[in-house]
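J.: So I've got this file, model.cif, and it contains mmCIF, C-alpha atoms, pLDDT in the B column; chains and numbers go by the auth columns:
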```
data_start
#
loop_
_atom_site.group_PDB
_atom_site.id
_atom_site.type_symbol
_atom_site.label_atom_id
_atom_site.label_comp_id
_atom_site.label_asym_id
_atom_site.label_seq_id
_atom_site.Cartn_x
_atom_site.Cartn_y
_atom_site.Cartn_z
_atom_site.B_iso_or_equiv
_atom_site.auth_seq_id
_atom_site.auth_asym_id
ATOM 1 C CA MET A 1 -97.079 -6.621 85.376 49.00 1 A
ATOM 2 C CA SER A 2 -97.820 -5.949 81.679 42.00 2 A
ATOM 3 C CA LYS A 3 -94.867 -3.532 81.534 40.00 3 A
ATOM 4 C CA LEU A 4 -92.573 -6.162 83.032 36.00 4 A
ATOM 5 C CA LEU A 5 -93.681 -8.794 80.524 35.00 5 A
ATOM 6 C CA SER A 6 -93.167 -6.286 77.686 38.00 6 A
ATOM 7 C CA SER A 7 -89.649 -5.636 78.946 36.00 7 A
ATOM 8 C CA ILE A 8 -88.978 -9.375 79.125 35.00 8 A
ATOM 9 C CA ALA A 9 -90.226 -9.877 75.559 38.00 9 A
ATOM 10 C CA CYS A 10 -88.147 -6.940 74.327 39.00 10 A
ATOM 11 C CA ALA A 11 -85.001 -8.237 76.054 36.00 11 A
ATOM 12 C CA ALA A 12 -85.524 -11.718 74.620 38.00 12 A
ATOM 13 C CA ALA A 13 -86.042 -10.274 71.135 37.00 13 A
ATOM 14 C CA LEU A 14 -82.886 -8.168 71.357 36.00 14 A
ATOM 15 C CA MET A 15 -80.868 -11.141 72.554 38.00 15 A
ATOM 16 C CA ALA A 16 -82.216 -13.292 69.741 38.00 16 A
ATOM 17 C CA ALA A 17 -81.398 -10.606 67.190 38.00 17 A
ATOM 18 C CA GLY A 18 -77.879 -10.254 68.539 38.00 18 A
ATOM 19 C CA HIS A 19 -77.506 -14.017 68.527 40.00 19 A
ATOM 20 C CA ALA A 20 -78.260 -14.450 64.826 46.00 20 A
ATOM 21 C CA ASN A 21 -75.229 -13.596 62.670 58.00 21 A
ATOM 22 C CA ALA A 22 -74.401 -10.254 64.297 84.00 22 A
ATOM 23 C CA TYR A 23 -70.613 -10.368 64.073 96.00 23 A
ATOM 24 C CA LEU A 24 -68.537 -7.908 66.020 96.00 24 A
ATOM 25 C CA VAL A 25 -66.938 -5.847 63.238 97.00 25 A
ATOM 26 C CA PHE A 26 -63.829 -3.649 63.292 98.00 26 A
ATOM 27 C CA THR A 27 -63.115 -1.364 60.353 98.00 27 A
ATOM 28 C CA GLY A 28 -60.993 1.667 59.534 98.00 28 A
ATOM 29 C CA ILE A 29 -60.183 3.428 56.241 98.00 29 A
ATOM 30 C CA ASP A 30 -57.267 5.683 55.358 98.00 30 A
ATOM 31 C CA ASN A 31 -58.147 7.718 52.261 97.00 31 A
ATOM 32 C CA ASN A 32 -55.509 8.471 49.668 97.00 32 A
ATOM 33 C CA GLY A 33 -56.418 9.342 46.083 96.00 33 A
ATOM 34 C CA ASN A 34 -52.780 9.030 45.001 97.00 34 A
ATOM 35 C CA ALA A 35 -51.771 5.906 43.086 97.00 35 A
ATOM 36 C CA GLY A 36 -48.083 6.730 43.360 97.00 36 A
ATOM 37 C CA ALA A 37 -47.706 7.080 47.139 97.00 37 A
ATOM 38 C CA GLN A 38 -48.483 4.983 50.190 97.00 38 A
ATOM 39 C CA VAL A 39 -50.841 6.536 52.716 97.00 39 A
ATOM 40 C CA ALA A 40 -50.243 6.532 56.496 95.00 40 A
ATOM 41 C CA SER A 41 -52.286 3.669 57.954 95.00 41 A
ATOM 42 C CA THR A 42 -53.692 5.565 60.941 97.00 42 A
ATOM 43 C CA ASN A 43 -57.356 4.527 60.978 98.00 43 A
ATOM 44 C CA SER A 44 -56.761 1.068 59.542 98.00 44 A
ATOM 45 C CA THR A 45 -54.007 0.279 62.052 98.00 45 A
ATOM 46 C CA ALA A 46 -56.261 1.413 64.899 98.00 46 A
ATOM 47 C CA ALA A 47 -58.962 -0.969 63.636 98.00 47 A
ATOM 48 C CA GLU A 48 -56.437 -3.816 63.416 98.00 48 A
ATOM 49 C CA ASN A 49 -55.189 -3.153 66.946 97.00 49 A
ATOM 50 C CA SER A 50 -58.741 -3.051 68.291 97.00 50 A
ATOM 51 C CA PHE A 51 -59.576 -6.313 66.508 97.00 51 A
ATOM 52 C CA LYS A 52 -56.459 -8.066 67.814 97.00 52 A
ATOM 53 C CA SER A 53 -57.026 -6.810 71.359 96.00 53 A
ATOM 54 C CA ASN A 54 -59.894 -9.306 71.534 97.00 54 A
ATOM 55 C CA LEU A 55 -57.630 -12.203 70.525 96.00 55 A
ATOM 56 C CA THR A 56 -54.637 -14.059 71.854 95.00 56 A
ATOM 57 C CA GLY A 57 -51.977 -16.185 70.138 93.00 57 A
ATOM 58 C CA VAL A 58 -53.423 -15.728 66.659 91.00 58 A
ATOM 59 C CA GLY A 59 -51.508 -16.135 63.413 91.00 59 A
ATOM 60 C CA THR A 60 -51.091 -13.721 60.501 96.00 60 A
ATOM 61 C CA GLU A 61 -50.229 -14.564 56.884 97.00 61 A
ATOM 62 C CA ASN A 62 -48.471 -11.621 55.211 96.00 62 A
ATOM 63 C CA PHE A 63 -47.532 -13.294 51.883 97.00 63 A
ATOM 64 C CA GLU A 64 -43.864 -12.303 52.270 97.00 64 A
ATOM 65 C CA SER A 65 -42.758 -15.926 51.788 96.00 65 A
ATOM 66 C CA ARG A 66 -45.355 -16.680 49.076 97.00 66 A
ATOM 67 C CA SER A 67 -45.236 -16.417 45.293 97.00 67 A
ATOM 68 C CA GLY A 68 -47.270 -17.375 42.259 97.00 68 A
ATOM 69 C CA ALA A 69 -50.966 -17.934 41.716 96.00 69 A
ATOM 70 C CA ALA A 70 -53.611 -20.033 43.416 94.00 70 A
ATOM 71 C CA PRO A 71 -53.822 -22.621 44.804 96.00 71 A
ATOM 72 C CA LEU A 72 -51.634 -21.223 47.563 97.00 72 A
ATOM 73 C CA SER A 73 -50.885 -22.782 50.947 97.00 73 A
ATOM 74 C CA LEU A 74 -51.105 -20.390 53.913 97.00 74 A
ATOM 75 C CA ASP A 75 -49.784 -20.872 57.448 95.00 75 A
ATOM 76 C CA PHE A 76 -51.343 -19.253 60.534 95.00 76 A
ATOM 77 C CA GLY A 77 -49.325 -21.014 63.225 92.00 77 A
ATOM 78 C CA ALA A 78 -51.390 -22.249 66.165 90.00 78 A
ATOM 79 C CA ALA A 79 -54.608 -21.105 64.454 92.00 79 A
ATOM 80 C CA GLY A 80 -54.060 -23.645 61.658 94.00 80 A
ATOM 81 C CA THR A 81 -53.368 -23.686 57.935 97.00 81 A
ATOM 82 C CA ALA A 82 -55.409 -22.752 54.875 98.00 82 A
ATOM 83 C CA THR A 83 -55.566 -23.052 51.105 98.00 83 A
ATOM 84 C CA LEU A 84 -56.268 -20.029 48.911 98.00 84 A
ATOM 85 C CA ILE A 85 -58.010 -21.024 45.682 97.00 85 A
ATOM 86 C CA GLY A 86 -59.530 -19.180 42.715 94.00 86 A
ATOM 87 C CA ALA A 87 -58.424 -16.029 40.912 92.00 87 A
ATOM 88 C CA GLY A 88 -55.423 -13.890 41.813 95.00 88 A
ATOM 89 C CA SER A 89 -51.674 -14.029 42.360 97.00 89 A
ATOM 90 C CA VAL A 90 -48.935 -12.730 44.647 98.00 90 A
ATOM 91 C CA GLN A 91 -47.516 -9.372 43.476 98.00 91 A
ATOM 92 C CA THR A 92 -44.641 -7.222 44.708 97.00 92 A
ATOM 93 C CA ASN A 93 -43.880 -3.557 45.287 96.00 93 A
ATOM 94 C CA GLY A 94 -40.801 -1.683 46.422 94.00 94 A
ATOM 95 C CA VAL A 95 -40.763 -1.245 50.191 93.00 95 A
ATOM 96 C CA GLY A 96 -42.267 2.162 50.933 94.00 96 A
ATOM 97 C CA ALA A 97 -43.543 2.560 47.347 96.00 97 A
ATOM 98 C CA THR A 98 -46.591 1.464 45.369 97.00 98 A
ATOM 99 C CA ASN A 99 -46.720 -0.628 42.214 97.00 99 A
ATOM 100 C CA GLY A 100 -47.531 2.611 40.366 96.00 100 A
ATOM 101 C CA ALA A 101 -51.259 1.873 40.329 96.00 101 A
ATOM 102 C CA GLY A 102 -52.066 2.336 44.030 97.00 102 A
ATOM 103 C CA ARG A 103 -51.392 -1.172 45.309 98.00 103 A
ATOM 104 C CA TYR A 104 -48.771 -2.170 47.861 98.00 104 A
ATOM 105 C CA SER A 105 -48.079 -4.402 50.845 98.00 105 A
ATOM 106 C CA VAL A 106 -49.496 -3.438 54.257 97.00 106 A
ATOM 107 C CA PRO A 107 -48.023 -3.104 56.738 94.00 107 A
ATOM 108 C CA GLY A 108 -44.570 -2.307 55.401 91.00 108 A
ATOM 109 C CA GLY A 109 -43.685 -5.374 53.341 93.00 109 A
ATOM 110 C CA SER A 110 -43.206 -5.992 49.632 96.00 110 A
ATOM 111 C CA ARG A 111 -45.724 -8.735 48.735 98.00 111 A
ATOM 112 C CA TYR A 112 -49.511 -8.895 48.658 98.00 112 A
ATOM 113 C CA TRP A 113 -52.383 -10.819 47.065 98.00 113 A
ATOM 114 C CA GLU A 114 -53.916 -9.183 43.984 97.00 114 A
ATOM 115 C CA VAL A 115 -57.085 -10.001 42.066 95.00 115 A
ATOM 116 C CA SER A 116 -59.167 -8.322 39.370 91.00 116 A
ATOM 117 C CA ALA A 117 -62.604 -7.421 40.676 89.00 117 A
ATOM 118 C CA GLY A 118 -65.714 -8.855 39.071 86.00 118 A
ATOM 119 C CA GLY A 119 -68.151 -11.729 39.295 79.00 119 A
ATOM 120 C CA ASN A 120 -65.856 -14.082 37.358 80.00 120 A
ATOM 121 C CA ASN A 121 -62.879 -13.472 39.640 84.00 121 A
ATOM 122 C CA PRO A 122 -63.736 -14.546 43.188 90.00 122 A
ATOM 123 C CA PHE A 123 -61.191 -16.197 45.418 95.00 123 A
ATOM 124 C CA GLN A 124 -61.703 -18.324 48.479 97.00 124 A
ATOM 125 C CA VAL A 125 -59.737 -19.309 51.552 98.00 125 A
ATOM 126 C CA ASP A 126 -60.476 -22.747 53.033 98.00 126 A
ATOM 127 C CA PHE A 127 -59.240 -23.180 56.610 98.00 127 A
ATOM 128 C CA SER A 128 -58.121 -26.315 58.422 97.00 128 A
ATOM 129 C CA ASN A 129 -60.019 -25.335 61.604 95.00 129 A
ATOM 130 C CA ALA A 130 -63.380 -23.803 62.444 97.00 130 A
ATOM 131 C CA LEU A 131 -62.762 -20.105 63.085 97.00 131 A
ATOM 132 C CA ALA A 132 -64.344 -17.358 65.151 97.00 132 A
ATOM 133 C CA ALA A 133 -62.220 -14.427 63.914 98.00 133 A
ATOM 134 C CA PHE A 134 -60.855 -13.108 60.635 98.00 134 A
ATOM 135 C CA GLY A 135 -59.207 -9.816 59.685 98.00 135 A
ATOM 136 C CA PHE A 136 -57.354 -8.419 56.657 98.00 136 A
ATOM 137 C CA TYR A 137 -56.044 -5.312 54.914 98.00 137 A
ATOM 138 C CA GLY A 138 -57.569 -4.239 51.596 98.00 138 A
ATOM 139 C CA ILE A 139 -55.623 -1.786 49.444 98.00 139 A
ATOM 140 C CA ASP A 140 -56.870 0.265 46.479 97.00 140 A
ATOM 141 C CA LEU A 141 -60.419 -1.048 46.860 95.00 141 A
ATOM 142 C CA GLY A 142 -63.115 0.713 44.879 92.00 142 A
ATOM 143 C CA ASP A 143 -61.286 3.404 42.926 92.00 143 A
ATOM 144 C CA PHE A 144 -63.081 2.185 39.768 91.00 144 A
ATOM 145 C CA GLY A 145 -66.379 1.556 41.535 89.00 145 A
ATOM 146 C CA GLY A 146 -65.781 -2.041 42.614 90.00 146 A
ATOM 147 C CA THR A 147 -67.381 -3.368 45.799 92.00 147 A
ATOM 148 C CA LEU A 148 -66.571 -6.309 48.036 95.00 148 A
ATOM 149 C CA LYS A 149 -68.544 -8.838 50.068 95.00 149 A
ATOM 150 C CA LEU A 150 -67.343 -11.681 52.295 97.00 150 A
ATOM 151 C CA GLU A 151 -69.295 -14.937 52.134 97.00 151 A
ATOM 152 C CA LEU A 152 -68.648 -17.033 55.255 98.00 152 A
ATOM 153 C CA SER A 153 -69.395 -20.763 55.141 98.00 153 A
ATOM 154 C CA ASN A 154 -69.137 -23.711 57.499 97.00 154 A
ATOM 155 C CA ASN A 155 -68.778 -27.158 55.959 96.00 155 A
ATOM 156 C CA GLY A 156 -70.304 -25.970 52.690 96.00 156 A
ATOM 157 C CA SER A 157 -73.277 -24.102 54.178 97.00 157 A
ATOM 158 C CA VAL A 158 -73.297 -20.291 53.950 97.00 158 A
ATOM 159 C CA VAL A 159 -73.361 -18.773 57.437 96.00 159 A
ATOM 160 C CA SER A 160 -73.434 -15.081 56.514 97.00 160 A
ATOM 161 C CA THR A 161 -72.546 -12.533 53.830 96.00 161 A
ATOM 162 C CA LEU A 162 -71.015 -9.239 54.971 97.00 162 A
ATOM 163 C CA ASP A 163 -70.540 -5.993 53.042 96.00 163 A
ATOM 164 C CA VAL A 164 -67.018 -4.553 53.217 97.00 164 A
ATOM 165 C CA PRO A 165 -66.788 -0.724 53.079 95.00 165 A
ATOM 166 C CA THR A 166 -64.450 1.137 50.719 93.00 166 A
ATOM 167 C CA ALA A 167 -63.322 4.733 50.490 94.00 167 A
ATOM 168 C CA ALA A 168 -65.320 7.196 48.423 93.00 168 A
ATOM 169 C CA LEU A 169 -64.572 6.931 44.705 91.00 169 A
ATOM 170 C CA SER A 170 -62.553 10.159 44.580 93.00 170 A
ATOM 171 C CA VAL A 171 -60.115 9.052 47.300 96.00 171 A
ATOM 172 C CA ALA A 172 -60.151 5.249 46.971 96.00 172 A
ATOM 173 C CA ASP A 173 -57.073 5.121 44.728 96.00 173 A
ATOM 174 C CA GLY A 174 -54.275 3.762 46.932 97.00 174 A
ATOM 175 C CA SER A 175 -56.436 3.825 50.083 98.00 175 A
ATOM 176 C CA ILE A 176 -56.075 1.303 52.919 98.00 176 A
ATOM 177 C CA LEU A 177 -58.910 -0.554 54.611 98.00 177 A
ATOM 178 C CA TYR A 178 -58.782 -2.840 57.627 98.00 178 A
ATOM 179 C CA PHE A 179 -61.740 -5.143 58.180 98.00 179 A
ATOM 180 C CA GLY A 180 -62.012 -7.614 61.043 98.00 180 A
ATOM 181 C CA LEU A 181 -64.868 -9.714 62.373 98.00 181 A
ATOM 182 C CA ILE A 182 -65.399 -11.844 65.470 98.00 182 A
ATOM 183 C CA ALA A 183 -68.214 -14.364 65.855 97.00 183 A
ATOM 184 C CA GLU A 184 -70.603 -13.638 68.710 93.00 184 A
ATOM 185 C CA ASN A 185 -71.771 -17.254 69.045 93.00 185 A
ATOM 186 C CA ALA A 186 -70.975 -20.770 67.889 94.00 186 A
ATOM 187 C CA ALA A 187 -73.503 -20.596 65.031 95.00 187 A
ATOM 188 C CA GLU A 188 -71.392 -17.878 63.387 97.00 188 A
ATOM 189 C CA GLU A 189 -68.163 -19.882 63.218 98.00 189 A
ATOM 190 C CA PHE A 190 -66.840 -20.664 59.745 98.00 190 A
ATOM 191 C CA ASN A 191 -64.143 -22.653 57.954 98.00 191 A
ATOM 192 C CA SER A 192 -64.240 -20.958 54.556 98.00 192 A
ATOM 193 C CA ILE A 193 -64.378 -17.355 53.298 98.00 193 A
ATOM 194 C CA ARG A 194 -65.170 -16.345 49.729 97.00 194 A
ATOM 195 C CA PHE A 195 -64.246 -12.851 48.522 96.00 195 A
ATOM 196 C CA LEU A 196 -66.992 -11.682 46.158 94.00 196 A
ATOM 197 C CA SER A 197 -66.410 -8.493 44.184 91.00 197 A
ATOM 198 C CA THR A 198 -68.160 -6.425 41.560 88.00 198 A
ATOM 199 C CA VAL A 199 -66.477 -4.036 39.192 77.00 199 A
ATOM 200 C CA GLY A 200 -66.978 -0.699 37.514 59.00 200 A
ATOM 201 C CA THR A 201 -64.260 -0.689 34.830 66.00 201 A
ATOM 202 C CA GLY A 202 -60.898 -2.359 35.361 79.00 202 A
ATOM 203 C CA ASP A 203 -60.881 -2.372 39.177 90.00 203 A
ATOM 204 C CA ILE A 204 -58.097 -4.434 40.771 93.00 204 A
ATOM 205 C CA PHE A 205 -57.983 -5.159 44.497 95.00 205 A
ATOM 206 C CA ALA A 206 -55.009 -5.905 46.757 97.00 206 A
ATOM 207 C CA PHE A 207 -55.154 -7.822 50.048 98.00 207 A
ATOM 208 C CA ASP A 208 -52.593 -8.409 52.780 98.00 208 A
ATOM 209 C CA SER A 209 -51.983 -9.572 56.347 98.00 209 A
ATOM 210 C CA PHE A 210 -54.778 -12.103 56.850 98.00 210 A
ATOM 211 C CA THR A 211 -55.275 -12.831 60.573 98.00 211 A
ATOM 212 C CA ILE A 212 -57.400 -15.703 61.873 98.00 212 A
ATOM 213 C CA GLY A 213 -58.429 -16.979 65.290 96.00 213 A
ATOM 214 C CA THR A 214 -60.284 -19.987 66.650 96.00 214 A
ATOM 215 C CA LYS A 215 -62.864 -19.595 69.429 95.00 215 A
ATOM 216 C CA GLU A 216 -60.179 -20.665 71.911 95.00 216 A
ATOM 217 C CA GLN A 217 -58.109 -17.645 70.812 96.00 217 A
ATOM 218 C CA VAL A 218 -60.913 -15.145 71.345 96.00 218 A
ATOM 219 C CA VAL A 219 -60.534 -13.301 74.635 91.00 219 A
ATOM 220 C CA ARG A 220 -64.207 -12.331 74.647 70.00 220 A
ATOM 221 C CA THR A 221 -66.655 -14.953 75.926 53.00 221 A
ATOM 222 C CA LEU A 222 -68.739 -16.353 73.089 51.00 222 A
ATOM 223 C CA PRO A 223 -72.295 -17.100 74.310 52.00 223 A
ATOM 224 C CA GLU A 224 -73.531 -20.622 73.720 51.00 224 A
ATOM 225 C CA PRO A 225 -76.938 -21.183 72.063 49.00 225 A
ATOM 226 C CA THR A 226 -78.405 -22.407 75.362 45.00 226 A
ATOM 227 C CA SER A 227 -77.643 -19.090 77.066 45.00 227 A
ATOM 228 C CA LEU A 228 -80.605 -17.336 75.428 45.00 228 A
ATOM 229 C CA ALA A 229 -83.067 -19.882 76.749 49.00 229 A
ATOM 230 C CA LEU A 230 -81.475 -19.706 80.198 47.00 230 A
ATOM 231 C CA VAL A 231 -81.649 -15.906 80.398 45.00 231 A
ATOM 232 C CA ALA A 232 -85.173 -15.788 78.998 48.00 232 A
ATOM 233 C CA SER A 233 -86.394 -18.378 81.497 51.00 233 A
ATOM 234 C CA THR A 234 -84.717 -16.455 84.307 47.00 234 A
ATOM 235 C CA LEU A 235 -86.417 -13.215 83.259 47.00 235 A
ATOM 236 C CA LEU A 236 -89.779 -14.961 83.025 49.00 236 A
ATOM 237 C CA GLY A 237 -89.196 -16.511 86.439 52.00 237 A
ATOM 238 C CA LEU A 238 -88.561 -13.097 87.927 46.00 238 A
ATOM 239 C CA GLY A 239 -91.786 -11.884 86.372 51.00 239 A
ATOM 240 C CA LEU A 240 -93.772 -14.721 87.921 43.00 240 A
ATOM 241 C CA VAL A 241 -92.234 -14.109 91.334 45.00 241 A
ATOM 242 C CA ARG A 242 -93.117 -10.435 91.111 49.00 242 A
ATOM 243 C CA ARG A 243 -96.678 -11.325 90.108 50.00 243 A
ATOM 244 C CA ARG A 244 -97.129 -13.570 93.155 49.00 244 A
ATOM 245 C CA ARG A 245 -95.818 -10.864 95.432 49.00 245 A
ATOM 246 C CA SER A 246 -97.987 -8.100 93.922 52.00 246 A
#
```
Please express what this file holds, its structure, as structure tokens.

T.:
Amino acid sequence: MSKLLSSIACAAALMAAGHANAYLVFTGIDNNGNAGAQVASTNSTAAENSFKSNLTGVGTENFESRSGAAPLSLDFGAAGTATLIGAGSVQTNGVGATNGAGRYSVPGGSRYWEVSAGGNNPFQVDFSNALAAFGFYGIDLGDFGGTLKLELSNNGSVVSTLDVPTAALSVADGSILYFGLIAENAAEEFNSIRFLSTVGTGDIFAFDSFTIGTKEQVVRTLPEPTSLALVASTLLGLGLVRRRRS
């Protein structure tokens, strides 16, 4: 009986841990190290495809019809609209080429969002709907030692802060990252994302192809908060039944 109760407690603890801000994350990096040439987006595209396989009917903003600096209106179709505020501006590159410093549009366009890394240069995207999914491409992240975090908020309250990986310093120049996240429960939903970066010396980041999804557009079933209590009570009930029979 003691072993069964230990198993029940362990299962409940694992479920609780998974329930508290444990986003499902998809990430892939294509190393480059060459500021003058685009790199094949093999790993990053695979991560994007895996992320999107969990979604349906979502919208992507690729900046191809955008120009200028923030504030910038973004359109995600059925998933809603958004406003990009803070530092940064839309930049261009020749299709198939870089801007000469390792930044370019992904996948395959000519426009992207660019911002200098550093504590004084964050930017933020405020969404019209509560979201359960967000994904993006990051280009040329970290070649001067800069790092990136995503701060997710819901109605002004921070829900979670996630570290975004970058390529190793020696191959980060011109590299491509894809990073996607899907909320595992309603408490993880968000309606604002802040891009927080730190800088070594002169790091500049590029971003492209933002994809968002509401909980209705997530193919996976998001557990409700009551589900933990239901499963825990069921497990405890089974333990009591076993005790009576033993």

J.: Please report the interatomic distance between CA of Asn154 (chain A) and CA of Thr60 (chain A) in Å with one decimal.

T.: 20.8 Å

J.: Written as a list in words, what is the full residue list that the PyMOL selection byres ((chain A and resi 180) around 6) yields on the file shown?

T.: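 When the PyMOL selection byres ((chain A and resi 180) around 6) is applied, the selected residues are Val25, Phe26, Phe134, Gly135, Phe179 and Leu181 of chain A.
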
J.: Quick check on the file I pasted: which residues fall under the PyMOL selection byres ((chain A and resi 68) around 9)? Write them as an mmCIF file with C-alpha atoms, in the frame of the given file.

T.:
```cif
data_model
loop_
_atom_site.group_PDB
_atom_site.id
_atom_site.type_symbol
_atom_site.label_atom_id
_atom_site.label_comp_id
_atom_site.auth_asym_id
_atom_site.auth_seq_id
_atom_site.Cartn_x
_atom_site.Cartn_y
_atom_site.Cartn_z
ATOM 1 C CA ARG A 66 -45.355 -16.680 49.076
ATOM 2 C CA SER A 67 -45.236 -16.417 45.293
ATOM 3 C CA ALA A 69 -50.966 -17.934 41.716
ATOM 4 C CA ALA A 70 -53.611 -20.033 43.416
ATOM 5 C CA PRO A 71 -53.822 -22.621 44.804
ATOM 6 C CA LEU A 72 -51.634 -21.223 47.563
ATOM 7 C CA GLY A 88 -55.423 -13.890 41.813
ATOM 8 C CA SER A 89 -51.674 -14.029 42.360
ATOM 9 C CA VAL A 90 -48.935 -12.730 44.647
ATOM 10 C CA GLN A 91 -47.516 -9.372 43.476
#
```

J.: Would you kindly return, as a list in words, each protein, DNA or RNA residue with an atom no farther than 6 Å from any atom of Phe127 (chain A), considering only C-alpha atoms and excluding same-chain residues fewer than 2 positions away?

T.: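 Listed by chain and then number, they are Ala82, Asn129, Asn191 and Ser192 of chain A.
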
J.: List the residues matched by the PyMOL selection byres ((chain A and resi 83) around 6) in the displayed structure as a list in words, ordered by chain and then by residue number.

T.: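 Those residues are Leu72, Ser73, Leu74, Ala82, Leu84, Val125 and Asp126 of chain A.
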
J.: Name the residues in contact with Gly142 (chain A) at a cut-off of 10 Å, using all atoms listed in the file, excluding same-chain residues fewer than 6 positions from it; report them as a list in words.

T.: Ala117, Leu148, Pro165, Thr166, Ala167, Ala168, Leu169, Ser170, Val171, Ala172, Asp173, Gly174, Ser175, Ser197, Thr198, Val199, Gly200, Asp203, Ile204 and Phe205 of chain A

J.: Tell me which protein, DNA and RNA residues are within 8 Å of Thr92 (chain A), counting all atoms listed in the file, leaving out same-chain ones fewer than 4 positions away, and put them as a list in words.

T.: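 My reading of the contact set: Asn99, Tyr104, Ser105, Ser110, Arg111 and Tyr112 of chain A.
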
J.: Using the selection just defined, write its residues with C-alpha atoms as a PDB file, in the coordinates of the input.

T.:
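For reference, result36.pdb as written:
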```
ATOM      1  CA  ASN A  99     -46.720  -0.628  42.214  1.00 97.00           C
ATOM      2  CA  TYR A 104     -48.771  -2.170  47.861  1.00 98.00           C
ATOM      3  CA  SER A 105     -48.079  -4.402  50.845  1.00 98.00           C
ATOM      4  CA  SER A 110     -43.206  -5.992  49.632  1.00 96.00           C
ATOM      5  CA  ARG A 111     -45.724  -8.735  48.735  1.00 98.00           C
ATOM      6  CA  TYR A 112     -49.511  -8.895  48.658  1.00 98.00           C
TER       7      TYR A 112
END
```

J.: Suppose you want the space between CA of Ser153 (chain A) and CA of Arg194 (chain A); what is it in Å?

T.: 8.2 Å

J.: Please report, as JSON, the centre and edge lengths in Å to one decimal of an axis-aligned box covering all listed atoms of region 121-124 of chain A with 4 Å per side.

T.:
```
{"center_x": -62.5, "center_y": -15.9, "center_z": 44.1, "size_x": 10.5, "size_y": 12.9, "size_z": 16.8}
```

J.: Produce a table with one row for each residue of region 44-135 of chain A that has an atom at most 6 Å from any atom of region 28-38 of chain A, each row naming the nearest atom pair and its distance in Å at one decimal; use all atoms listed in the file; arrange rows by chain and rising residue number; format as CSV.

T.:
```
residue,atom,partner,partner_atom,distance
A:Ser44,CA,A:Gly28,CA,4.3
A:Ala47,CA,A:Gly28,CA,5.3
A:Thr98,CA,A:Gly36,CA,5.8
A:Gly100,CA,A:Gly36,CA,5.1
A:Ala101,CA,A:Ala35,CA,4.9
A:Gly102,CA,A:Ala35,CA,3.7
```

J.: For a test of reading the model, state the distance in Å between CA of Glu151 (chain A) and CA of Ile193 (chain A), rounded to one decimal.

T.: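 Value for the CA of Glu151 (chain A)-CA of Ile193 (chain A) distance: 5.6 Å.
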
J.: When distances are computed from all atoms listed in the file, which of A:Trp113, A:Phe76, A:Tyr23, A:Phe190 shows the smallest separation from Ser157 (chain A)?

T.: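 For Ser157 (chain A), the nearest of the given residues is A:Phe190.
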
J.: Between A:Ala187, A:Leu24, A:Gly109, A:Glu114, which residue has the minimum interatomic distance to Asn54 (chain A), considering only C-alpha atoms?

T.: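 For Asn54 (chain A), the nearest of the given residues is A:Leu24.
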
J.: Find the residues around Gly80 (chain A) up to 10 Å (all atoms listed in the file counted), leave out those fewer than 3 positions away in its own chain, and share them as a compact mmCIF listing (two decimals) with C-alpha atoms, keeping the file's coordinate frame.

T.:
```txt
# COMPACT_ATOMS: atom_id res chain seq x y z
CA VAL A 58 -53.42 -15.73 66.66
CA GLY A 59 -51.51 -16.14 63.41
CA LEU A 74 -51.10 -20.39 53.91
CA ASP A 75 -49.78 -20.87 57.45
CA PHE A 76 -51.34 -19.25 60.53
CA GLY A 77 -49.32 -21.01 63.22
CA PHE A 127 -59.24 -23.18 56.61
CA SER A 128 -58.12 -26.32 58.42
CA ASN A 129 -60.02 -25.34 61.60
CA ALA A 130 -63.38 -23.80 62.44
CA LEU A 131 -62.76 -20.10 63.08
CA ILE A 212 -57.40 -15.70 61.87
CA GLY A 213 -58.43 -16.98 65.29
CA THR A 214 -60.28 -19.99 66.65
```

J.: Write out as a ChimeraX atom specification each polymer residue whose atoms come within 10 Å of Ser53 (chain A), counting only C-alpha atoms; drop sequence neighbours fewer than 6 positions from it.

T.: /A:47,218-220
